[in-house]
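Asks: For reference, the structure I am asking about is given below.
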Amino acid sequence: MRRSTTIITLIALALLGCGLLSQVTPSGYTRIELTEEGRGEKILSVVAADGEPVILTWRNSQFGLKVTEVFYARGGLIIQDQVTFSDPAGPPPPRVSAQDVDDLYHTGGTFDARGLNRPFSRIVYRIGEIGDPRIQVKNKTAALKQAVGFGGRVILTTTKPKLYEIML
């Protein structure tokens, strides 16, 4: 009788310990999720170590330029660090200041901006007919137009993951 009580107690303590550990949120990691807005279907879910790049590429339909946006995972967020609008057949784009980026998104022309330091925890992407947006994190790439189609919306969210999410 004593032996079975000891075993049951040990099992209960082990389960309690696992349950408590599953709620720990260690620093140094970011969960990045892409979800289709309408059905709530997950397109991509990745836990990235701080410093891991998140790269969005697309083609600007108005100006026909290739766009590359580089973010880095950091502390449960993604930090936009770089935006480049380039002409695939032209010379390298000129370097511009971070303050000029918002205006240049709308006025066109090639440019390369670095050191933006713009944090995000949620971004909504509306998918057009032209552009072929793709997001790459670690060794995974999500083709957004293929996932949701023209007019679809993709929501990128970031959070601090739990310990069990990092381990799995």
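Identifiers for the structure tokens are assigned positionally: chains receive A, B, ... in sequence, residues are indexed from 1 per chain, and ligands are indexed from 1 in the order shown.
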Residues near region 74-76 of chain A, anyone? I mean within 10 Å using only C-alpha atoms, not counting same-chain ones fewer than 2 positions away, as a list in words.

Replies: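 So the residues in contact are Pro26, Ser27, Gly28, Tyr29, Thr30, Arg31, Ile32, Val47, Ala48, Ala49, Asp50, Gly51, Glu52, Pro53, Phe71, Tyr72, Ile78, Ile79, Pro119, Phe120, Ser121, Thr157, Thr158, Thr159, Lys160 and Pro161 of chain A.
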
Asks: Could you pull out the helix (DSSP H, G or I) residues of region 38-118 of chain A from DSSP and send them as number ranges by chain?

Replies: A: 98-107

Asks: Using CA of Val154 (chain A) and CA of Ser97 (chain A) as the two end points, give the distance in Å to one decimal.

Replies: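 Atom-to-atom, CA of Val154 (chain A) and CA of Ser97 (chain A) are spaced 28.9 Å apart.
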
Asks: Of the candidates A:Ile123, A:Ala14, A:Ala89, A:Leu116, which shows the shortest atom-to-atom distance to Leu77 (chain A), using only C-alpha atoms?

Replies: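 Comparing A:Ile123, A:Ala14, A:Ala89, A:Leu116 against Leu77 (chain A), the winner is A:Ile123.
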
Asks: Report as a PDB file with N, CA and C atoms, in the first residue's frame all protein, DNA and RNA residues lying within 10 Å of Thr141 (chain A), evaluated on only C-alpha atoms, omitting residues in the same chain fewer than 6 positions from it.

Replies:
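To be explicit, this is the file written out as out_30.pdb:
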ATOM      1  N   ILE A  43      -0.902  29.675 -41.362  1.00  0.00           N
ATOM      2  CA  ILE A  43      -0.087  29.510 -42.554  1.00  0.00           C
ATOM      3  C   ILE A  43       1.338  29.125 -42.157  1.00  0.00           C
ATOM      4  N   LEU A  44       1.818  29.737 -41.085  1.00  0.00           N
ATOM      5  CA  LEU A  44       3.181  29.507 -40.625  1.00  0.00           C
ATOM      6  C   LEU A  44       3.253  29.803 -39.139  1.00  0.00           C
ATOM      7  N   VAL A  54      13.778  37.832 -40.387  1.00  0.00           N
ATOM      8  CA  VAL A  54      12.473  37.562 -40.986  1.00  0.00           C
ATOM      9  C   VAL A  54      12.455  38.423 -42.241  1.00  0.00           C
ATOM     10  N   ILE A  55      12.368  37.797 -43.418  1.00  0.00           N
ATOM     11  CA  ILE A  55      12.515  38.534 -44.672  1.00  0.00           C
ATOM     12  C   ILE A  55      11.216  38.469 -45.473  1.00  0.00           C
ATOM     13  N   LEU A  56      10.683  39.638 -45.791  1.00  0.00           N
ATOM     14  CA  LEU A  56       9.495  39.768 -46.632  1.00  0.00           C
ATOM     15  C   LEU A  56       9.944  40.284 -47.988  1.00  0.00           C
ATOM     16  N   ARG A 134       6.206  36.985 -50.150  1.00  0.00           N
ATOM     17  CA  ARG A 134       6.712  35.784 -49.485  1.00  0.00           C
ATOM     18  C   ARG A 134       7.435  36.195 -48.218  1.00  0.00           C
ATOM     19  N   ILE A 135       7.216  35.431 -47.161  1.00  0.00           N
ATOM     20  CA  ILE A 135       7.904  35.668 -45.899  1.00  0.00           C
ATOM     21  C   ILE A 135       8.747  34.451 -45.583  1.00  0.00           C
TER      22      ILE A 135
END

Asks: Name all residues at most 9 Å from Asp132 (chain A) (count only C-alpha atoms; drop same-chain ones fewer than 5 positions away) and give them as number ranges by chain.

Replies: A: 57-59, 127, 143-146

Asks: State, in Å with one decimal place, the distance from CA of Pro88 (chain A) to CA of Lys66 (chain A).

Replies: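 A separation of 6.7 Å between them.
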
Asks: Would you mind reading off the distance between CA of Ala142 (chain A) and CA of Ile166 (chain A), one decimal, in Å?

Replies: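 One can read the CA of Ala142 (chain A) to CA of Ile166 (chain A) distance as 20.4 Å.
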
Asks: May I have all residues of region 50-163 of chain A that DSSP, computed from the backbone, assigns to strand (DSSP E or B), given as number ranges by chain?

Replies: A: 53-60, 65-74, 77-86, 95-96, 111-120, 122-126, 134-137, 140-143, 153-159

Asks: Name the closest residue to Leu65 (chain A) among the candidates A:Leu34, A:Val137, A:Leu163, A:Ile130; distances are taken between atoms, counting only C-alpha atoms.

Replies: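 Among the listed residues, A:Ile130 lies closest to Leu65 (chain A).
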
Asks: I'd like the neighbourhood of Asp87 (chain A) as a PyMOL selection string, where a residue qualifies if any of its atoms comes within 8 Å (using only C-alpha atoms), though same-chain residues fewer than 2 positions away should be ignored.

Replies: chain A and resi 64-66+85+89-93+110

Asks: Kindly indicate which residue among A:Ile11, A:Val67, A:Leu16, A:Ala113 lies nearest to Gln82 (chain A), using only C-alpha atoms for the distances.

Replies: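 Residue with the minimum atom-to-atom distance to Gln82 (chain A): A:Ala113.
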